[in-house]
Each structure stands twice: as C-alpha cells, then as structure tokens.
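Chemist: Data: data.pdb, PDB, C-alpha atoms.
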```pdb
ATOM      1  CA  MET A 530       4.066  15.726   5.098
ATOM      2  CA  ILE A 531       1.438  16.592   2.479
ATOM      3  CA  LEU A 532       1.447  13.656   0.092
ATOM      4  CA  ASN A 533       1.097  13.669  -3.662
ATOM      5  CA  ALA A 534      -2.493  12.783  -4.502
ATOM      6  CA  LEU A 535      -4.584  11.693  -7.469
ATOM      7  CA  THR A 536      -8.251  12.648  -7.270
ATOM      8  CA  ALA A 537     -11.289  11.355  -9.118
ATOM      9  CA  GLY A 538     -15.044  11.154  -8.841
ATOM     10  CA  ALA A 539     -17.614  12.702  -6.553
ATOM     11  CA  GLY A 540     -19.485  11.545  -3.487
ATOM     12  CA  ALA A 541     -18.431  10.286  -0.080
ATOM     13  CA  PRO A 542     -14.622  10.390   0.250
ATOM     14  CA  VAL A 543     -12.529   7.224  -0.111
ATOM     15  CA  VAL A 544      -8.758   7.224   0.481
ATOM     16  CA  LEU A 545      -6.591   4.622  -1.271
ATOM     17  CA  LEU A 546      -3.171   3.612   0.102
ATOM     18  CA  HIS A 547      -0.755   1.458  -1.924
ATOM     19  CA  GLY A 548       1.769  -1.115  -0.764
ATOM     20  CA  LEU A 549       5.559  -1.198  -0.536
ATOM     21  CA  PHE A 550       7.347  -0.180  -3.776
ATOM     22  CA  GLY A 551       3.986   0.922  -5.213
ATOM     23  CA  ALA A 552       2.324   4.240  -5.960
ATOM     24  CA  ALA A 553      -1.141   5.744  -6.114
ATOM     25  CA  LYS A 554      -1.609   4.704  -9.734
ATOM     26  CA  ASN A 555      -1.253   1.016  -8.806
ATOM     27  CA  LEU A 556      -4.766   1.184  -7.350
ATOM     28  CA  GLY A 557      -6.083   2.968 -10.435
ATOM     29  CA  GLN A 558      -8.501   0.198 -11.392
ATOM     30  CA  ILE A 559     -10.145   0.428  -7.977
ATOM     31  CA  ALA A 560     -10.215   4.230  -8.192
ATOM     32  CA  ARG A 561     -11.895   4.154 -11.600
ATOM     33  CA  ALA A 562     -14.468   1.593 -10.485
ATOM     34  CA  LEU A 563     -15.454   3.470  -7.317
ATOM     35  CA  SER A 564     -15.262   7.023  -8.674
ATOM     36  CA  PRO A 565     -18.849   7.131 -10.050
ATOM     37  CA  ARG A 566     -20.072   6.812  -6.441
ATOM     38  CA  ALA A 567     -17.201   8.247  -4.371
ATOM     39  CA  ALA A 568     -14.641  11.046  -4.253
ATOM     40  CA  ILE A 569     -11.350   9.167  -4.531
ATOM     41  CA  LEU A 570      -8.100  10.400  -2.985
ATOM     42  CA  SER A 571      -5.238   8.080  -4.034
ATOM     43  CA  LEU A 572      -2.008   8.886  -2.214
ATOM     44  CA  ASP A 573       1.691   8.309  -2.852
ATOM     45  CA  LEU A 574       3.041   7.425   0.589
ATOM     46  CA  ARG A 575       6.324   8.996   1.692
ATOM     47  CA  ASN A 576       9.397   7.759  -0.201
ATOM     48  CA  HIS A 577       7.089   6.520  -2.962
ATOM     49  CA  GLY A 578       5.720   7.941  -6.198
ATOM     50  CA  ASP A 579       5.905  11.714  -6.396
ATOM     51  CA  SER A 580       5.754  12.330  -2.651
ATOM     52  CA  GLN A 581       8.728  13.650  -0.731
ATOM     53  CA  HIS A 582      11.506  11.476   0.647
ATOM     54  CA  ALA A 583      12.240  11.418   4.368
ATOM     55  CA  ALA A 584      14.504   9.412   6.656
ATOM     56  CA  ALA A 585      11.715   8.867   9.201
ATOM     57  CA  MET A 586       9.483   6.062   7.984
ATOM     58  CA  ASP A 587       7.325   4.280  10.501
ATOM     59  CA  TYR A 588       3.592   3.720  10.646
ATOM     60  CA  PRO A 589       2.731   6.572  13.050
ATOM     61  CA  ALA A 590       4.608   9.033  10.793
ATOM     62  CA  MET A 591       2.949   7.675   7.673
ATOM     63  CA  ALA A 592      -0.516   7.770   9.249
ATOM     64  CA  ALA A 593       0.137  11.389  10.251
ATOM     65  CA  ASP A 594       0.958  12.124   6.593
ATOM     66  CA  VAL A 595      -2.421  10.735   5.553
ATOM     67  CA  ALA A 596      -4.228  12.789   8.185
ATOM     68  CA  ALA A 597      -2.418  15.970   7.111
ATOM     69  CA  THR A 598      -3.167  15.304   3.446
ATOM     70  CA  MET A 599      -6.843  14.676   4.159
ATOM     71  CA  ALA A 600      -6.986  18.004   6.009
ATOM     72  CA  ALA A 601      -5.274  19.757   3.108
ATOM     73  CA  HIS A 602      -7.997  18.429   0.805
ATOM     74  CA  GLY A 603     -10.779  19.428   3.200
ATOM     75  CA  ILE A 604     -11.709  15.845   4.097
ATOM     76  CA  ALA A 605     -12.927  15.459   7.674
ATOM     77  CA  ALA A 606     -13.458  11.681   7.479
ATOM     78  CA  ALA A 607     -13.266   9.012   4.799
ATOM     79  CA  ALA A 608     -13.473   5.333   4.071
ATOM     80  CA  MET A 609      -9.907   4.043   4.090
ATOM     81  CA  ILE A 610      -8.636   1.273   1.790
ATOM     82  CA  GLY A 611      -5.048   0.094   2.152
ATOM     83  CA  HIS A 612      -3.113  -2.750   0.530
ATOM     84  CA  SER A 613      -0.177  -4.419   2.296
ATOM     85  CA  MET A 614       2.015  -1.619   3.732
ATOM     86  CA  GLY A 615      -0.826   0.790   2.990
ATOM     87  CA  GLY A 616      -3.102  -1.467   5.008
ATOM     88  CA  LYS A 617      -0.835  -1.084   8.015
ATOM     89  CA  VAL A 618      -0.896   2.697   7.553
ATOM     90  CA  ALA A 619      -4.693   2.588   7.373
ATOM     91  CA  MET A 620      -4.913   0.418  10.508
ATOM     92  CA  THR A 621      -2.603   2.788  12.392
ATOM     93  CA  LEU A 622      -4.757   5.776  11.461
ATOM     94  CA  ALA A 623      -7.939   3.963  12.507
ATOM     95  CA  LEU A 624      -6.427   2.976  15.865
ATOM     96  CA  THR A 625      -5.092   6.452  16.676
ATOM     97  CA  GLN A 626      -7.479   8.879  14.955
ATOM     98  CA  PRO A 627     -10.703   6.886  14.521
ATOM     99  CA  ALA A 628     -12.795   9.983  13.804
ATOM    100  CA  LEU A 629     -10.995  10.245  10.450
ATOM    101  CA  VAL A 630     -11.907   6.696   9.387
ATOM    102  CA  GLU A 631     -15.555   6.000   8.619
ATOM    103  CA  ARG A 632     -14.899   2.516   7.266
ATOM    104  CA  LEU A 633     -11.724   0.486   6.963
ATOM    105  CA  VAL A 634     -10.635  -2.001   4.317
ATOM    106  CA  VAL A 635      -7.329  -3.831   4.806
ATOM    107  CA  MET A 636      -6.171  -5.856   1.813
ATOM    108  CA  ASP A 637      -3.935  -8.877   2.395
ATOM    109  CA  ILE A 638      -2.088  -7.760   5.500
ATOM    110  CA  ALA A 639      -2.689  -8.051   9.235
ATOM    111  CA  PRO A 640      -1.543  -6.322  12.440
ATOM    112  CA  VAL A 641       1.335  -8.774  12.871
ATOM    113  CA  SER A 642       5.058  -8.799  12.099
ATOM    114  CA  TYR A 643       6.408 -10.424   8.956
ATOM    115  CA  VAL A 644       9.730 -11.866   7.811
ATOM    116  CA  ASP A 645      10.953  -9.867   4.815
ATOM    117  CA  GLY A 646      13.191 -10.554   1.859
ATOM    118  CA  PHE A 647      12.850  -7.090   0.410
ATOM    119  CA  ASP A 648      16.429  -5.961   1.061
ATOM    120  CA  ALA A 649      17.644  -8.102  -1.855
ATOM    121  CA  TYR A 650      15.214  -6.329  -4.178
ATOM    122  CA  ILE A 651      16.376  -2.932  -2.949
ATOM    123  CA  ARG A 652      20.030  -3.868  -3.503
ATOM    124  CA  ALA A 653      19.170  -5.022  -7.025
ATOM    125  CA  MET A 654      17.493  -1.715  -7.848
ATOM    126  CA  GLN A 655      20.368   0.250  -6.348
ATOM    127  CA  ALA A 656      22.810  -1.755  -8.474
ATOM    128  CA  VAL A 657      21.180  -0.779 -11.778
ATOM    129  CA  PRO A 658      23.704   1.552 -13.485
ATOM    130  CA  LEU A 659      21.830   4.840 -13.939
ATOM    131  CA  THR A 660      23.860   5.932 -16.958
ATOM    132  CA  PRO A 661      22.490   8.657 -19.250
ATOM    133  CA  THR A 662      21.826   6.120 -22.018
ATOM    134  CA  LEU A 663      20.056   3.552 -19.823
ATOM    135  CA  THR A 664      17.048   1.908 -21.467
ATOM    136  CA  ARG A 665      14.172   0.123 -19.754
ATOM    137  CA  HIS A 666      15.252  -3.109 -21.427
ATOM    138  CA  GLN A 667      18.761  -2.756 -19.970
ATOM    139  CA  ALA A 668      17.346  -2.024 -16.524
ATOM    140  CA  GLU A 669      15.114  -5.075 -16.706
ATOM    141  CA  ALA A 670      18.074  -7.231 -17.683
ATOM    142  CA  ALA A 671      20.060  -5.876 -14.740
ATOM    143  CA  LEU A 672      17.243  -6.876 -12.364
ATOM    144  CA  ALA A 673      16.624 -10.319 -13.839
ATOM    145  CA  ALA A 674      18.955 -12.351 -11.612
ATOM    146  CA  ALA A 675      17.610 -10.938  -8.343
ATOM    147  CA  VAL A 676      14.002 -10.634  -9.527
ATOM    148  CA  PRO A 677      13.264 -13.641 -11.744
ATOM    149  CA  ALA A 678       9.492 -13.110 -11.903
ATOM    150  CA  PRO A 679       8.707 -10.885 -14.932
ATOM    151  CA  ALA A 680       5.585  -9.355 -13.364
ATOM    152  CA  LEU A 681       7.513  -8.333 -10.256
ATOM    153  CA  ARG A 682      10.307  -6.824 -12.383
ATOM    154  CA  GLN A 683       7.741  -4.733 -14.243
ATOM    155  CA  PHE A 684       6.225  -3.648 -10.919
ATOM    156  CA  PHE A 685       9.624  -2.381  -9.762
ATOM    157  CA  LEU A 686      10.384  -0.794 -13.139
ATOM    158  CA  ASN A 687       7.243   1.335 -12.823
ATOM    159  CA  ASN A 688       9.403   3.372 -10.441
ATOM    160  CA  LEU A 689      12.228   3.963 -12.925
ATOM    161  CA  MET A 690      12.149   7.380 -14.563
ATOM    162  CA  LEU A 691      14.349   7.753 -17.680
ATOM    163  CA  GLU A 692      13.747  11.447 -18.426
ATOM    164  CA  PRO A 693      15.363  13.921 -18.094
ATOM    165  CA  ALA A 694      17.925  11.509 -16.593
ATOM    166  CA  PRO A 695      17.542   7.989 -15.179
ATOM    167  CA  ARG A 696      16.476   7.866 -11.530
ATOM    168  CA  TRP A 697      14.354   5.830  -9.147
ATOM    169  CA  ARG A 698      11.308   7.648  -7.808
ATOM    170  CA  LEU A 699      11.527   5.484  -4.711
ATOM    171  CA  GLY A 700      13.586   6.623  -1.746
ATOM    172  CA  LEU A 701      15.529   3.369  -1.852
ATOM    173  CA  ALA A 702      18.019   4.241   0.896
ATOM    174  CA  GLU A 703      15.251   5.479   3.182
ATOM    175  CA  ILE A 704      13.097   2.409   2.551
ATOM    176  CA  ALA A 705      16.057   0.077   3.142
ATOM    177  CA  ALA A 706      16.764   1.689   6.498
ATOM    178  CA  ALA A 707      13.077   1.533   7.443
ATOM    179  CA  LEU A 708      12.433  -2.121   6.518
ATOM    180  CA  PRO A 709      12.545  -3.323  10.147
ATOM    181  CA  ASN A 710       9.784  -0.811  10.947
ATOM    182  CA  LEU A 711       7.745  -1.649   7.869
ATOM    183  CA  THR A 712       7.728  -5.408   8.265
ATOM    184  CA  ALA A 713       7.084  -5.298  12.012
ATOM    185  CA  TRP A 714       3.922  -4.420  13.876
ATOM    186  CA  SER A 715       3.567  -2.823  17.300
ATOM    187  CA  ASP A 716       0.340  -1.284  18.508
ATOM    188  CA  PRO A 717       0.815   2.459  18.014
ATOM    189  CA  PRO A 718       1.073   4.673  21.096
ATOM    190  CA  ALA A 719      -2.328   5.448  22.635
ATOM    191  CA  ALA A 720      -4.026   2.972  20.302
ATOM    192  CA  GLN A 721      -7.602   2.021  21.092
ATOM    193  CA  PRO A 722      -9.566  -0.728  19.353
ATOM    194  CA  TYR A 723     -11.293   0.599  16.259
ATOM    195  CA  SER A 724     -15.017  -0.010  16.669
ATOM    196  CA  GLY A 725     -16.066   1.051  13.172
ATOM    197  CA  PRO A 726     -16.883  -1.344  10.361
ATOM    198  CA  ALA A 727     -13.786  -3.069   8.988
ATOM    199  CA  LEU A 728     -13.208  -5.547   6.176
ATOM    200  CA  PHE A 729     -10.087  -7.686   5.980
ATOM    201  CA  LEU A 730      -9.858  -8.865   2.382
ATOM    202  CA  ASN A 731      -7.196 -11.439   1.589
ATOM    203  CA  GLY A 732      -6.086 -13.479  -1.384
ATOM    204  CA  ALA A 733      -6.994 -17.121  -0.888
ATOM    205  CA  ASN A 734      -3.581 -18.160  -2.266
ATOM    206  CA  SER A 735      -1.648 -15.704  -0.091
ATOM    207  CA  ASP A 736      -0.013 -16.603   3.207
ATOM    208  CA  TYR A 737       0.033 -13.023   4.517
ATOM    209  CA  VAL A 738      -3.130 -13.383   6.625
ATOM    210  CA  GLY A 739      -2.980 -16.786   8.287
ATOM    211  CA  PRO A 740      -4.356 -18.146  11.557
ATOM    212  CA  GLN A 741      -1.802 -16.098  13.536
ATOM    213  CA  ALA A 742      -3.730 -12.987  12.467
ATOM    214  CA  ASP A 743      -7.055 -14.050  13.993
ATOM    215  CA  ALA A 744      -6.447 -12.906  17.568
ATOM    216  CA  PRO A 745      -4.788  -9.547  16.732
ATOM    217  CA  ILE A 746      -7.549  -8.645  14.275
ATOM    218  CA  ALA A 747     -10.275  -9.557  16.780
ATOM    219  CA  ARG A 748      -8.544  -7.598  19.556
ATOM    220  CA  LEU A 749      -7.938  -4.417  17.591
ATOM    221  CA  PHE A 750     -10.888  -4.480  15.180
ATOM    222  CA  PRO A 751     -13.836  -6.050  17.041
ATOM    223  CA  ASN A 752     -16.320  -5.307  14.241
ATOM    224  CA  ALA A 753     -14.145  -6.723  11.467
ATOM    225  CA  THR A 754     -15.353  -9.193   8.895
ATOM    226  CA  ARG A 755     -13.043 -11.440   6.866
ATOM    227  CA  ARG A 756     -13.339 -12.365   3.219
ATOM    228  CA  SER A 757     -11.087 -14.314   0.863
ATOM    229  CA  ILE A 758     -10.771 -13.701  -2.866
ATOM    230  CA  GLN A 759     -10.451 -16.990  -4.705
ATOM    231  CA  GLY A 760      -7.743 -17.337  -7.324
ATOM    232  CA  ALA A 761      -5.716 -14.453  -5.905
ATOM    233  CA  GLY A 762      -2.451 -14.084  -4.037
ATOM    234  CA  HIS A 763      -0.990 -11.047  -2.314
ATOM    235  CA  TRP A 764      -1.705  -8.658  -5.229
ATOM    236  CA  LEU A 765      -5.383  -9.601  -5.167
ATOM    237  CA  HIS A 766      -6.555  -6.333  -6.754
ATOM    238  CA  ALA A 767      -4.356  -6.993  -9.800
ATOM    239  CA  GLU A 768      -5.059 -10.723 -10.025
ATOM    240  CA  GLN A 769      -8.836 -10.704  -9.454
ATOM    241  CA  PRO A 770      -9.931  -7.073  -9.899
ATOM    242  CA  ALA A 771     -13.608  -7.784 -10.563
ATOM    243  CA  ALA A 772     -14.016  -9.840  -7.388
ATOM    244  CA  VAL A 773     -12.131  -7.284  -5.286
ATOM    245  CA  ILE A 774     -14.164  -4.392  -6.663
ATOM    246  CA  ALA A 775     -17.422  -6.273  -6.033
ATOM    247  CA  ALA A 776     -16.393  -6.891  -2.419
ATOM    248  CA  LEU A 777     -15.451  -3.225  -1.953
ATOM    249  CA  GLU A 778     -18.692  -1.973  -3.468
ATOM    250  CA  GLU A 779     -20.727  -4.252  -1.236
ATOM    251  CA  PHE A 780     -18.869  -3.109   1.872
ATOM    252  CA  LEU A 781     -18.818   0.604   1.035
ATOM    253  CA  PHE A 782     -22.195   1.145  -0.586
ATOM    254  CA  ALA A 783     -24.606  -1.637   0.412
TER     255      ALA A 783
END
```
For this file, produce the structure as structure tokens.

Modeler:
Amino acid sequence: MILNALTAGAGAPVVLLHGLFGAAKNLGQIARALSPRAAILSLDLRNHGDSQHAAAMDYPAMAADVAATMAAHGIAAAAMIGHSMGGKVAMTLALTQPALVERLVVMDIAPVSYVDGFDAYIRAMQAVPLTPTLTRHQAEAALAAAVPAPALRQFFLNNLMLEPAPRWRLGLAEIAAALPNLTAWSDPPAAQPYSGPALFLNGANSDYVGPQADAPIARLFPNATRRSIQGAGHWLHAEQPAAVIAALEEFLFA
C-alpha cells in the first residue's frame, strides 16, 4: 500500500510514523522542527488518516507499506522515527529491511506485548450517531462517558470528519479486529538484530517501557541507547516537545 504522506524540508530523509488512532499531522511539531535540516516524510499508516483501509493489519504488512511508500518517493534509506504503534512498525522495518533504516528512534514503546483497553474506545467511537446534523460538541458529549479525559477525547475527535457528511477517517472495524496483533509483539519472520544506531526515548512518567523491555531491546537492538524525558508520559512529544526535539536533534545531527 502506498500511504498518504506529508512532506516538508530538505536534506537527509527522515520518516515519521504516528501511533494508534493518530495521523501524520500529530507529529507536525517534530516535522516542523526538523525540516530545516532534513527532508521529512510523515505517513498516515493504513486504516489511519487519509491512507487506505485494509482488513490485514499486522506489523509486517505495515512495515511493507512504509517500504513501498519510501520507494514511491525515491527514498533509498532514511532515519526512522516512530511513536507507540509507529515505533513497532519502525522496529519491524529495521529488523527485516535494515538497509532502509539509517537510524532508528522508538518513542515510548518496546518490542514486547502489552495489555490493551482500546476496544472500549473503539466501541465508543462506533456508537457516536453519525447523523447529517452531528456537531463536534455532540460527538464529544457522546464520547464523554467512555473517554473521560478531555485531551484524549480531542485526540479521537481529530479523526471525525463532518463534511460533506459525518464519518470517521479511522478504519474502526479493521483496527478493532487487528488489536490483538497491534498490542502483541513477535519477532518478525527472518528478523535479524538491527546493528545501526537506535534511540529508545520514553516518557519518565509512562509505564510503557519498563524493566521487562531491557532484555528484548538489548537482544534486537544491540547498539541502542535509552533516554527518558522528564515530566512526560506516553505522549511525550505533545507533553514535552522541546525536550523531545532536542533529543532527536542530538541523535540525528550531532
């Protein structure tokens, strides 16, 4: 699948991959900060943003999408930055097609399986009545019981299109069916440890990258370094953008 892409800047190529329920524009602050020194390719992963929907949704398929999209843009190799689900896509690409990945940044995720509670969020979005007169305020009210955190509701509502008729850009049914694949981790077929430079950047207040991640990271990414962003949770790039951007610039350009 050739993915929808946002491009910016000039220089060495950098590919940005968003997390679950996100889109390319969610990493826009990073794209804008790096674009004076890099050619940015921000991708909508399958079933997200303006990319196509597909029933198949596992990490090998999604990594193949990234490889095909890089080829379509004439990019032979790039630095790869992925957050959460996008980090798992980036890791899969590095482990299976390392020649495409010059440097790897994985933000607040690890090559381990996670317990998810995302199905409740998907059901809540599917339950929003997509009537012709639906307003964003009404949609937010419909989500409030299942998604009490206002910031998370707004994150989900970024995917609600009201014109020409209300619809979710997300492939909600496809994502729901794929959740067991997305929250799990298995080494991809024919995976080899990625020997290139890798940075695992986590939020200090997040529990996504705990001690259980140490051995898998060391096994699969022997040249990885670890860094925590203070005052940040899972959405570290939104909560502490300056610190995240500084860490990325140091890793990519120093």

Chemist: Which of these residues is nearest to Arg698 of chain A, using all atoms listed in the file: A:Gly760, A:Gly578, A:Pro718, A:Pro745?

Modeler: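 Of A:Gly760, A:Gly578, A:Pro718, A:Pro745, the one nearest Arg698 of chain A, counting all atoms listed in the file, is A:Gly578.
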
Chemist: Residues at most 9 Å from Leu633 of chain A, counting all atoms listed in the file, excluding those fewer than 3 positions away in the same chain, as a ChimeraX atom specification?

Modeler: /A:607-611,619-620,623,630,725-729,753

Chemist: Kindly assemble as a Markdown table a list of the segment 633-736 of chain A residues that lie within 9 Å of segment 764-771 of chain A, each paired with its nearest atom pair and their distance in Å to one decimal, using all atoms listed in the file, sorted first by chain and then by ascending residue number.

Modeler:
```
| residue | atom | partner | partner_atom | distance |
| --- | --- | --- | --- | --- |
| A:Met636 | CA | A:Leu765 | CA | 8.0 |
| A:Asp637 | CA | A:Leu765 | CA | 7.7 |
| A:Leu730 | CA | A:Leu765 | CA | 8.8 |
| A:Asn731 | CA | A:Leu765 | CA | 7.2 |
| A:Gly732 | CA | A:Leu765 | CA | 5.5 |
| A:Ala733 | CA | A:Leu765 | CA | 8.8 |
| A:Ser735 | CA | A:Trp764 | CA | 8.7 |
```

Chemist: Taking the file as I've supplied it (selection: the PyMOL selection byres ((chain A and resi 548-552) around 8)), which residues are included? Please answer as a list in words.

Modeler: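 Applying the PyMOL selection byres ((chain A and resi 548-552) around 8) to the structure shown produces Leu546, His547, Ala553, Lys554, Asn555, Leu556, Leu572, Asp573, Leu574, His577, Gly578, Gly611, His612, Ser613, Met614, Gly615, Gly616, Phe684, Phe685, Asn688 and Leu699 of chain A.
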
Chemist: Between A:Arg696, A:Arg748, A:Arg756, A:Arg566, which is the closest to Val657 of chain A once you count only C-alpha atoms?

Modeler: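 Looking at the shortest contact to Val657 of chain A, the residue is A:Arg696.
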
Chemist: Counting all atoms listed in the file, figure out which residue out of A:Ala673, A:Ala597, A:Met586, A:Val618 gets nearest to Ala639 of chain A.

Modeler: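 Distance minimum relative to Ala639 of chain A lands on A:Val618.
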
Chemist: With distances taken over all atoms listed in the file, which residue among A:Ser571, A:Thr712, A:Gln558, A:Ser580 lies nearest Asn533 of chain A?

Modeler: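 Smallest separation from Asn533 of chain A among the options: A:Ser580.
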
Chemist: Expand the PyMOL selection byres ((chain A and resi 645) around 10) into the explicit residue set it covers here, and present it as a list in words.

Modeler: Ser642, Tyr643, Val644, Gly646, Phe647, Asp648, Ala649, Leu708, Pro709, Leu711, Thr712 and Ala713 of chain A

Chemist: Tell me, in Å to one decimal, how far atom CA of Gln667 of chain A is from atom CA of Gly700 of chain A.

Modeler: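 Computing it gives 21.1 Å between the two atoms.
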
Chemist: Of the residues A:Ala772, A:Val738, A:Ile531, A:Leu777, which is the one nearest to His582 of chain A, using all atoms listed in the file?

Modeler: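 Closest to His582 of chain A of all the choices is A:Ile531.
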
Chemist: Between atom CA of Ala601 of chain A and atom CA of Pro722 of chain A, what is the distance in Å, rounded to a tenth?

Modeler: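 Between atom CA of Ala601 of chain A and atom CA of Pro722 of chain A the gap is 26.5 Å.
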
Chemist: Calculate how many Å separate atom CA of Glu778 of chain A from atom CA of Pro565 of chain A, rounding to one decimal.

Modeler: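 Atom-to-atom, atom CA of Glu778 of chain A and atom CA of Pro565 of chain A are spaced 11.2 Å apart.
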
Chemist: Mind telling me what the PyMOL selection byres ((chain A and resi 602) around 10) catches here, as a PyMOL selection string?

Modeler: chain A and resi 531+534+536+570+597-601+603-605

Chemist: Keeping only C-alpha atoms, take the residues you just selected and write them out as a PDB file, keeping the file's coordinate frame.

Modeler:
```pdb
ATOM      1  CA  ILE A 531       1.438  16.592   2.479  1.00  0.00           C
ATOM      2  CA  ALA A 534      -2.493  12.783  -4.502  1.00  0.00           C
ATOM      3  CA  THR A 536      -8.251  12.648  -7.270  1.00  0.00           C
ATOM      4  CA  LEU A 570      -8.100  10.400  -2.985  1.00  0.00           C
ATOM      5  CA  ALA A 597      -2.418  15.970   7.111  1.00  0.00           C
ATOM      6  CA  THR A 598      -3.167  15.304   3.446  1.00  0.00           C
ATOM      7  CA  MET A 599      -6.843  14.676   4.159  1.00  0.00           C
ATOM      8  CA  ALA A 600      -6.986  18.004   6.009  1.00  0.00           C
ATOM      9  CA  ALA A 601      -5.274  19.757   3.108  1.00  0.00           C
ATOM     10  CA  GLY A 603     -10.779  19.428   3.200  1.00  0.00           C
ATOM     11  CA  ILE A 604     -11.709  15.845   4.097  1.00  0.00           C
ATOM     12  CA  ALA A 605     -12.927  15.459   7.674  1.00  0.00           C
TER      13      ALA A 605
END
```

Chemist: Could you tell me, as a PyMOL selection string, which residues have any atom at most 12 Å from (13.0, 6.5, -15.5), counting all atoms listed in the file?

Modeler: chain A and resi 578+657-669+685-699

Chemist: Please determine, counting only C-alpha atoms, which residue among A:Leu622, A:Leu545, A:Ile774, A:Ala585 has the shortest atom-to-atom distance to Ala702 of chain A.

Modeler: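 That would be A:Ala585, the residue with the smallest distance to Ala702 of chain A.
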